[in-house]
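Chemist: Handing over start-v6.txt, compact mmCIF, C-alpha atoms.
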# COMPACT_ATOMS: atom_id res chain seq x y z
CA MET A 1 -0.51 -4.84 35.49
CA ASN A 2 0.31 -1.83 37.58
CA PRO A 3 -1.16 1.41 36.41
CA THR A 4 1.44 4.13 36.21
CA LEU A 5 1.28 7.74 35.08
CA ARG A 6 -1.60 8.63 32.79
CA HIS A 7 -0.65 9.86 29.34
CA ASP A 8 -2.57 11.18 26.38
CA TYR A 9 -3.03 7.69 24.97
CA PRO A 10 -5.30 8.36 21.97
CA SER A 11 -2.88 10.85 20.44
CA ALA A 12 0.27 8.84 21.17
CA ASP A 13 1.79 6.76 18.38
CA ASP A 14 2.40 3.01 18.62
CA VAL A 15 6.09 3.42 19.49
CA GLN A 16 5.25 5.62 22.49
CA LEU A 17 2.44 3.30 23.60
CA VAL A 18 4.73 0.26 23.38
CA GLY A 19 7.35 2.10 25.43
CA TRP A 20 4.82 2.91 28.18
CA ALA A 21 3.33 -0.58 28.05
CA LYS A 22 6.80 -2.09 28.45
CA SER A 23 7.11 -0.30 31.76
CA GLY A 24 3.85 -1.86 32.95
CA ASP A 25 1.29 0.71 31.79
CA ALA A 26 -1.81 -1.40 31.10
CA ASP A 27 -3.76 1.60 29.80
CA ALA A 28 -1.17 2.12 27.07
CA PHE A 29 -1.48 -1.54 26.14
CA GLU A 30 -5.27 -1.24 26.10
CA GLN A 31 -4.93 1.59 23.59
CA LEU A 32 -2.78 -0.67 21.37
CA VAL A 33 -5.39 -3.44 21.65
CA HIS A 34 -8.13 -1.00 20.72
CA ARG A 35 -6.16 0.25 17.70
CA HIS A 36 -5.28 -3.12 16.23
CA ARG A 37 -7.90 -5.49 17.58
CA ASP A 38 -9.89 -5.76 14.34
CA LYS A 39 -6.82 -6.62 12.27
CA ILE A 40 -5.71 -9.27 14.74
CA TYR A 41 -9.21 -10.68 15.07
CA ALA A 42 -9.62 -10.74 11.26
CA ARG A 43 -6.45 -12.85 10.89
CA ALA A 44 -7.76 -15.32 13.45
CA MET A 45 -11.18 -15.33 11.80
CA ILE A 46 -9.73 -15.97 8.31
CA MET A 47 -7.72 -18.87 9.68
CA MET A 48 -10.23 -20.46 12.03
CA ARG A 49 -13.56 -19.62 10.32
CA ASN A 50 -15.29 -19.58 13.69
CA GLU A 51 -16.25 -16.46 15.61
CA GLU A 52 -15.87 -17.94 19.07
CA GLU A 53 -12.46 -19.46 18.33
CA ALA A 54 -11.32 -16.27 16.63
CA MET A 55 -12.32 -14.22 19.70
CA ASP A 56 -10.59 -16.59 22.06
CA LEU A 57 -7.40 -16.97 20.02
CA SER A 58 -7.10 -13.28 19.23
CA GLN A 59 -7.33 -12.58 22.96
CA GLU A 60 -4.74 -15.27 23.65
CA ALA A 61 -2.48 -13.52 21.14
CA TRP A 62 -2.89 -10.22 23.02
CA VAL A 63 -2.02 -11.97 26.29
CA LYS A 64 1.16 -13.35 24.67
CA GLY A 65 1.83 -9.89 23.24
CA TRP A 66 1.72 -8.38 26.74
CA GLN A 67 3.90 -11.14 28.18
CA ARG A 68 6.51 -10.87 25.41
CA LEU A 69 6.47 -7.12 25.00
CA HIS A 70 10.05 -6.88 26.27
CA GLN A 71 11.10 -8.99 23.23
CA PHE A 72 9.63 -6.47 20.78
CA GLN A 73 12.58 -4.52 19.41
CA GLY A 74 10.72 -2.43 16.85
CA ASP A 75 12.30 -4.14 13.81
CA SER A 76 8.81 -4.32 12.32
CA SER A 77 5.69 -2.38 13.21
CA PHE A 78 3.80 -3.37 16.35
CA ALA A 79 0.83 -4.49 14.21
CA THR A 80 3.08 -6.78 12.11
CA TRP A 81 4.60 -8.24 15.27
CA MET A 82 1.16 -8.89 16.76
CA THR A 83 -0.05 -10.39 13.48
CA ARG A 84 2.83 -12.84 13.59
CA ILE A 85 1.82 -13.83 17.13
CA VAL A 86 -1.85 -14.38 16.28
CA ILE A 87 -0.91 -16.48 13.23
CA ASN A 88 1.33 -18.66 15.39
CA VAL A 89 -1.40 -19.03 18.01
CA CYS A 90 -3.87 -20.09 15.30
CA LEU A 91 -1.36 -22.46 13.66
CA ASP A 92 -0.77 -24.11 17.05
CA GLU A 93 -4.51 -24.51 17.52
CA LEU A 94 -4.97 -25.96 14.03
CA ARG A 95 -2.12 -28.41 14.64
CA LYS A 96 -3.55 -29.36 18.04
CA LYS A 97 -6.88 -30.12 16.43
CA LYS A 98 -5.13 -31.86 13.52
CA ARG A 99 -6.82 -29.49 11.12
CA MET A 100 -3.64 -28.91 9.13
CA ARG A 101 -3.79 -32.25 7.38
CA ALA A 102 -4.95 -32.63 3.82
CA GLU A 103 -8.45 -33.81 4.49
CA SER A 104 -9.89 -35.42 1.41
CA ILE A 105 -8.69 -38.07 -1.00
CA GLU A 106 -8.60 -35.38 -3.67
CA GLU A 107 -6.31 -33.24 -1.52
CA MET A 108 -4.05 -36.16 -0.68
CA ASP A 109 -3.87 -36.97 -4.37
CA GLU A 110 -3.01 -33.38 -5.14
CA GLU A 111 -0.33 -33.32 -2.42
CA SER A 112 1.27 -36.50 -3.69
CA GLY A 113 1.78 -34.80 -7.04
CA GLY A 114 -1.45 -34.84 -8.96
CA VAL A 115 -2.02 -31.20 -9.87
CA GLU A 116 -1.58 -32.05 -13.56
CA ARG A 117 -4.89 -33.85 -13.34
CA GLN A 118 -6.57 -30.70 -12.09
CA MET A 119 -7.80 -27.91 -14.30
CA PRO A 120 -5.30 -25.06 -14.34
CA VAL A 121 -6.06 -21.78 -12.60
CA GLN A 122 -8.33 -19.67 -14.77
CA LEU A 123 -9.70 -16.31 -13.95
CA ILE A 124 -11.31 -13.95 -16.39
CA ASN A 125 -12.25 -11.06 -14.20
CA PRO A 126 -15.27 -12.80 -12.66
CA THR A 127 -15.87 -10.09 -10.14
CA GLU A 128 -15.84 -7.08 -12.46
CA GLY A 129 -18.38 -4.46 -11.48
CA LEU A 130 -18.83 -5.66 -7.92
CA GLU A 131 -18.69 -3.15 -5.10
CA HIS A 132 -15.48 -3.37 -3.09
CA THR A 133 -17.31 -4.45 0.08
CA GLU A 134 -19.33 -7.04 -1.79
CA LEU A 135 -16.19 -8.33 -3.47
CA ARG A 136 -14.44 -8.74 -0.13
CA LYS A 137 -17.43 -10.59 1.20
CA ARG A 138 -17.49 -12.95 -1.79
CA ILE A 139 -13.77 -13.64 -1.53
CA ASP A 140 -14.19 -14.32 2.17
CA GLU A 141 -17.00 -16.77 1.46
CA ALA A 142 -14.86 -18.53 -1.13
CA LEU A 143 -11.92 -18.69 1.31
CA ALA A 144 -14.22 -20.29 3.87
CA LYS A 145 -14.83 -23.16 1.47
CA LEU A 146 -11.13 -24.07 1.32
CA SER A 147 -9.68 -26.55 3.77
CA ASP A 148 -7.71 -25.12 6.71
CA ALA A 149 -4.47 -26.44 5.21
CA HIS A 150 -5.02 -24.79 1.82
CA ARG A 151 -6.43 -21.54 3.17
CA THR A 152 -3.52 -21.12 5.60
CA VAL A 153 -0.91 -21.45 2.84
CA LEU A 154 -2.83 -19.07 0.58
CA MET A 155 -3.27 -16.54 3.38
CA LEU A 156 0.39 -16.60 4.40
CA HIS A 157 1.50 -16.09 0.82
CA GLU A 158 -1.10 -13.56 -0.34
CA PHE A 159 -1.98 -11.54 2.77
CA GLU A 160 1.28 -11.81 4.69
CA GLY A 161 3.38 -11.69 1.53
CA LEU A 162 5.59 -14.55 2.68
CA GLU A 163 7.87 -16.30 0.21
CA TYR A 164 7.44 -20.05 -0.35
CA LYS A 165 10.36 -20.93 1.93
CA ASP A 166 8.96 -18.81 4.77
CA VAL A 167 5.48 -20.31 4.39
CA ALA A 168 7.11 -23.78 4.50
CA LYS A 169 9.00 -22.87 7.68
CA ARG A 170 5.97 -21.37 9.44
CA VAL A 171 3.64 -24.26 8.63
CA GLY A 172 6.29 -27.00 8.94
CA ILE A 173 5.91 -28.47 5.45
CA SER A 174 8.17 -28.77 2.40
CA ILE A 175 8.36 -26.10 -0.32
CA GLY A 176 6.89 -28.68 -2.72
CA THR A 177 3.84 -29.07 -0.48
CA VAL A 178 3.50 -25.29 -0.23
CA MET A 179 3.48 -25.08 -4.03
CA SER A 180 0.91 -27.82 -4.54
CA ARG A 181 -1.35 -26.54 -1.73
CA LEU A 182 -1.15 -23.05 -3.19
CA PHE A 183 -1.94 -24.33 -6.66
CA TYR A 184 -4.92 -26.31 -5.41
CA ALA A 185 -6.18 -23.40 -3.27
CA ARG A 186 -6.00 -21.02 -6.23
CA ARG A 187 -7.66 -23.42 -8.58
CA ARG A 188 -10.52 -23.92 -6.12
CA LEU A 189 -10.81 -20.21 -5.43
CA ALA A 190 -10.87 -19.45 -9.16
CA THR A 191 -13.59 -22.07 -9.64
CA LEU A 192 -15.66 -20.60 -6.80
CA LEU A 193 -15.29 -17.10 -8.20
CA GLN A 194 -16.21 -18.33 -11.68
CA GLY A 195 -19.36 -19.71 -10.06
CA LEU A 196 -20.01 -16.22 -8.80
CA LYS A 197 -19.72 -14.85 -12.34
CA ARG A 198 -22.23 -17.43 -13.63
CA GLU A 199 -24.56 -16.62 -10.73
CA ARG A 200 -24.44 -12.91 -11.62
CA THR A 201 -25.08 -13.40 -15.33
CA GLN A 202 -28.16 -15.54 -14.74
CA MET B 1 -1.44 -31.22 -20.98
CA LYS B 2 1.56 -30.40 -18.83
CA THR B 3 3.32 -32.27 -16.09
CA ASN B 4 2.77 -31.59 -12.42
CA GLU B 5 6.24 -30.05 -12.23
CA GLN B 6 5.57 -27.70 -15.14
CA TYR B 7 2.34 -26.39 -13.61
CA LEU B 8 4.06 -25.74 -10.30
CA GLU B 9 7.05 -24.10 -11.94
CA LEU B 10 4.79 -21.85 -13.98
CA GLN B 11 3.02 -20.87 -10.77
CA ALA B 12 6.39 -20.17 -9.10
CA TYR B 13 7.33 -18.08 -12.15
CA ALA B 14 4.11 -16.08 -11.80
CA ASP B 15 4.82 -15.57 -8.08
CA GLY B 16 8.42 -14.52 -8.71
CA GLN B 17 9.59 -17.48 -6.64
CA LEU B 18 11.36 -19.52 -9.30
CA ASP B 19 14.81 -18.71 -7.91
CA GLN B 20 13.83 -20.20 -4.57
CA LEU B 21 13.33 -23.68 -5.97
CA GLU B 22 16.22 -25.94 -5.10
CA GLY B 23 17.64 -28.14 -7.82
CA LEU B 24 16.13 -26.09 -10.62
CA PRO B 25 18.15 -26.91 -13.76
CA PRO B 26 20.05 -23.97 -15.26
CA GLY B 27 18.18 -22.47 -18.17
CA ARG B 28 14.80 -23.56 -16.78
CA ARG B 29 13.55 -20.00 -16.61
CA ALA B 30 14.34 -19.49 -20.31
CA GLU B 31 12.56 -22.78 -21.10
CA LEU B 32 9.45 -21.65 -19.23
CA GLU B 33 9.50 -18.31 -21.00
CA ARG B 34 9.73 -20.10 -24.35
CA MET B 35 6.85 -22.32 -23.29
CA MET B 36 4.74 -19.28 -22.44
CA ALA B 37 5.52 -17.67 -25.78
CA ASP B 38 4.44 -20.78 -27.69
CA ASP B 39 1.68 -22.17 -25.53
CA ALA B 40 -1.55 -20.32 -24.72
CA GLU B 41 -2.33 -22.63 -21.79
CA ALA B 42 0.99 -21.86 -20.10
CA ARG B 43 0.50 -18.16 -20.71
CA GLY B 44 -3.07 -18.34 -19.41
CA LEU B 45 -1.93 -20.09 -16.25
CA VAL B 46 0.65 -17.44 -15.43
CA GLU B 47 -1.80 -14.61 -16.17
CA GLY B 48 -4.51 -16.39 -14.15
CA VAL B 49 -2.25 -16.80 -11.12
CA ARG B 50 -1.18 -13.16 -11.27
CA SER B 51 -4.68 -11.73 -11.66
CA LEU B 52 -6.11 -13.94 -8.90
CA SER B 53 -3.26 -12.97 -6.60
CA GLN B 54 -3.84 -9.30 -7.33
CA LEU B 55 -7.58 -9.65 -6.78
CA VAL B 56 -7.21 -11.46 -3.45
CA ARG B 57 -4.53 -9.11 -2.11
CA ALA B 58 -6.58 -6.04 -2.99
CA ASN B 59 -9.69 -7.42 -1.35
CA GLU B 60 -8.52 -8.93 1.88
CA PRO B 61 -11.61 -9.83 3.93
CA VAL B 62 -12.42 -7.54 6.82
CA HIS B 63 -13.75 -8.83 10.14
CA THR B 64 -14.49 -6.71 13.16
CA VAL B 65 -14.46 -7.88 16.76
CA PRO B 66 -18.06 -8.70 17.69
CA ALA B 67 -17.72 -7.15 21.16
CA SER B 68 -17.42 -3.73 22.70
CA ARG B 69 -14.01 -2.22 23.45
CA GLU B 70 -14.62 -2.59 27.19
CA PHE B 71 -15.79 -6.19 27.06
CA TYR B 72 -12.98 -7.34 24.77
CA TRP B 73 -10.36 -5.66 26.91
CA SER B 74 -11.84 -6.91 30.19
CA GLN B 75 -11.52 -10.48 28.94
CA ILE B 76 -7.90 -9.94 27.91
CA GLN B 77 -7.17 -8.29 31.23
CA ARG B 78 -8.66 -11.25 33.11
CA LYS B 79 -6.59 -13.70 31.06
CA ILE B 80 -3.41 -11.69 31.67
CA GLU B 81 -4.08 -11.60 35.42
CA SER B 82 -4.87 -15.30 35.52
CA ALA B 83 -1.67 -16.11 33.57
CA GLU B 84 0.34 -13.92 35.95
CA ARG B 85 -1.20 -15.65 38.98
CA ALA B 86 -0.36 -19.04 37.49
CA ARG B 87 3.22 -17.93 36.80
CA THR B 88 3.61 -16.59 40.34
CA ARG B 89 2.26 -19.85 41.76
CA ALA B 90 4.68 -21.84 39.63
CA GLN B 91 7.62 -19.71 40.81
CA THR B 92 6.68 -19.74 44.50
CA PRO B 93 8.26 -22.64 46.44
CA ALA B 94 5.57 -24.95 47.82
CA SER B 95 4.72 -24.61 51.54
CA PRO B 96 5.09 -27.79 53.67
CA ARG B 97 1.29 -28.07 53.78
CA GLY B 98 1.02 -27.61 50.00
CA PHE B 99 3.75 -30.18 49.46
CA TRP B 100 1.95 -32.65 51.72
CA LEU B 101 -1.37 -32.07 49.95
CA ARG B 102 0.14 -32.33 46.49
CA TRP B 103 2.22 -35.48 47.00
CA TRP B 104 1.01 -37.47 50.01
CA LEU B 105 -2.75 -37.01 49.91
CA PRO B 106 -3.18 -38.78 46.56
CA VAL B 107 -0.87 -41.58 47.74
CA LEU B 108 -2.82 -42.02 50.97
CA GLY B 109 -6.13 -41.89 49.08
CA ALA B 110 -5.01 -44.55 46.62
CA SER B 111 -3.78 -46.75 49.48
CA ALA B 112 -7.11 -46.41 51.27
CA VAL B 113 -8.99 -47.38 48.11
CA ALA B 114 -6.74 -50.39 47.62
CA VAL B 115 -7.13 -51.56 51.24
CA THR B 116 -10.92 -51.10 51.21
CA SER B 117 -11.23 -52.92 47.89
CA PHE B 118 -9.16 -55.76 49.29
CA LEU B 119 -11.32 -55.98 52.42
CA VAL B 120 -14.50 -56.05 50.33
CA SER B 121 -13.12 -58.74 48.02
CA VAL B 122 -12.17 -61.00 50.97
CA GLY B 123 -15.47 -60.31 52.75
CA GLY B 124 -14.08 -58.00 55.40
CA LEU B 125 -16.71 -55.30 54.67
CA PRO B 126 -20.29 -56.60 54.42
CA ILE B 127 -22.51 -55.71 51.47
CA THR B 128 -25.59 -54.16 53.05
CA ARG B 129 -27.70 -52.81 50.15
CA ALA B 130 -28.27 -54.32 46.75
CA PHE B 131 -29.64 -52.92 43.47
CA GLY B 132 -30.06 -55.88 41.16
CA GLU B 133 -26.57 -57.01 40.42
CA THR B 134 -24.90 -54.04 42.08
CA ALA B 135 -24.40 -53.61 45.77
CA VAL B 136 -23.44 -50.74 48.03
CA SER B 137 -21.99 -50.83 51.47
CA ASP B 138 -22.20 -47.65 53.51
CA ARG B 139 -21.23 -49.15 56.84
CA GLY B 140 -17.79 -47.72 56.34
CA SER B 141 -19.14 -44.19 56.10
CA ASP B 142 -19.94 -44.22 59.83
CA SER B 143 -16.56 -45.41 60.91
CA SER B 144 -13.96 -44.71 58.23
CA GLY B 145 -15.88 -42.43 55.83
CA ALA B 146 -15.78 -45.05 53.05
CA VAL B 147 -18.68 -45.90 50.70
CA VAL B 148 -18.24 -48.97 48.59
CA PHE B 149 -19.98 -49.75 45.30
CA ARG B 150 -19.63 -53.22 43.84
CA SER B 151 -20.93 -54.68 40.58
CA GLU B 152 -20.82 -58.46 40.68
CA SER B 153 -21.57 -58.79 36.96
CA GLU B 154 -18.79 -56.37 36.00
CA GLY B 155 -16.49 -57.67 38.71
CA VAL B 156 -15.77 -54.06 39.70
CA THR B 157 -15.52 -52.45 43.13
CA ILE B 158 -15.42 -48.69 43.56
CA CYS B 159 -14.77 -47.00 46.85
CA TRP B 160 -15.52 -43.34 47.73
CA LEU B 161 -13.77 -41.70 50.60
CA ASP B 162 -15.30 -38.69 52.38
Give the structure from the file, written as structure tokens.
Modeler:
Amino acid sequence: MNPTLRHDYPSADDVQLVGWAKSGDADAFEQLVHRHRDKIYARAMIMMRNEEEAMDLSQEAWVKGWQRLHQFQGDSSFATWMTRIVINVCLDELRKKKRMRAESIEEMDEESGGVERQMPVQLINPTEGLEHTELRKRIDEALAKLSDAHRTVLMLHEFEGLEYKDVAKRVGISIGTVMSRLFYARRRLATLLQGLKRERTQ
Amino acid sequence: MKTNEQYLELQAYADGQLDQLEGLPPGRRAELERMMADDAEARGLVEGVRSLSQLVRANEPVHTVPASREFYWSQIQRKIESAERARTRAQTPASPRGFWLRWWLPVLGASAVAVTSFLVSVGGLPITRAFGETAVSDRGSDSSGAVVFRSESEGVTICWLD
């Protein structure tokens, strides 16, 4: 990491910063880290549900970002590119720790084709009237109660906007498994949020 | 009550992913739409999936790094430098001394352990100190730098080399 010429980093846009960072300017890269660190950390935190792991893996993602910067062609935004890296780092970690398996008998049952025995997704505006911040917090708490396997599929589809086939490719499962995990995750989430509605009306 | 397949297809319909499903019979979309028109449960499922999706997407949880800018960056910087050092080491051809240490030292160490163990087992090295069933010989440490630990009950001999 050889420091080069100093630029006006805070007022430079991401494209300029990436250009400088590609030529070895660590200060430009630091500015990119500073700009996007919360987003990258949040992805890791949503996936891992552990502060220490999220810190470590988000930093690992930044290290990979620095090392692979020459591969970044600007087809997507820098933040999107970095988000993809942190998700892959977290997926690798979850696979390494075998946390991507369906964990309970209920989940295995659901994955082998038992969603018809589950209650369908129901949601009748359970969070109406909640402050935006409070709502985010409640959704986060509900997400934390899902298994890693279910939360990952839900996150990739809802937050990353990936289609079923892309979720399947990223996680290494079939489209059918994506669909049943997504169904189960939604059903559970809806149940947890319904619980929130009951809690608020009491 | 619907089948597993119907629930999942209704979900895919709600997500706009129906066309991605391989082997979907022609006219399935029209069938699902008919089902939704006639069946409140099917309609409710599609509406439920859509409203939940909308709710979750609009309220993505926010987490902020629990460390200062300087601290977070200093850790990344250290990891980058350490990764670069490791890469440089891996690319640098090993010096003769490094090669010797990496390949021959473990071989010599293992041979020494094997020889010492053999000597102990045939009585070549005396057992000088005993702790119950275990015994230690440190005579070797004066001459060859070897310390031998033997457990008669376990039938195990361990040898340390200085």
Chemist: Set the cut-off to 6 Å and count all atoms listed in the file: what are the residues of chain B that reach chain A? Output as a VMD selection string.
Modeler: chain B and resid 3 to 4 45 48 57 59 61 63 to 65 76 80
Chemist: Let me make sure I understand: among B:Ser51, B:Thr92, B:Ile158, B:Asp15, which one has the smallest atom-to-atom distance to Val113 in chain B if we use all atoms listed in the file?
Modeler: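 Closest candidate: B:Ile158.
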Chemist: What gap, in Å, lies between CA of Leu24 in chain B and CA of Val178 in chain A?
Modeler: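 Taking CA of Leu24 in chain B and CA of Val178 in chain A, their separation equals 16.4 Å.
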Chemist: To one decimal place in Å, what is the distance between CA of Asn50 in chain A and CA of Ser174 in chain A?
Modeler: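 Those two atoms sit 27.6 Å apart.
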Chemist: Just how far from CA of Val62 in chain B is CA of Arg49 in chain A, in Å to one decimal?
Modeler: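 Going from CA of Arg49 in chain A over to CA of Val62 in chain B covers 12.6 Å.
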Chemist: Considering all atoms listed in the file, state which residue in the set A:Ala149, A:Val15, A:Ile173, A:Met82 is at the smallest distance from Lys98 in chain A.
Modeler: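 Of A:Ala149, A:Val15, A:Ile173, A:Met82, the one nearest Lys98 in chain A is A:Ala149, counting all atoms listed in the file.
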Chemist: Enumerate, as a list of chain:residue names, the protein, DNA and RNA residues whose atoms approach (0.4, -20.0, 17.1) to within 12 Å, taking into account only C-alpha atoms and the coordinate frame of the file.
Modeler: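 Using only C-alpha atoms, the matching residues come out as A:Arg43, A:Ala44, A:Met47, A:Met48, A:Leu57, A:Ser58, A:Glu60, A:Ala61, A:Trp62, A:Lys64, A:Gly65, A:Met82, A:Thr83, A:Arg84, A:Ile85, A:Val86, A:Ile87, A:Asn88, A:Val89, A:Cys90, A:Leu91, A:Asp92, A:Glu93, A:Leu94, A:Arg95, A:Lys96, A:Arg170, A:Val171.
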Chemist: Tell me which protein, DNA and RNA residues are within 12 Å of Asp14 in chain A, counting only C-alpha atoms, leaving out same-chain ones fewer than 5 positions away, and put them as a ChimeraX atom specification.
Modeler: /A:9,19-22,28-36,74,76-81
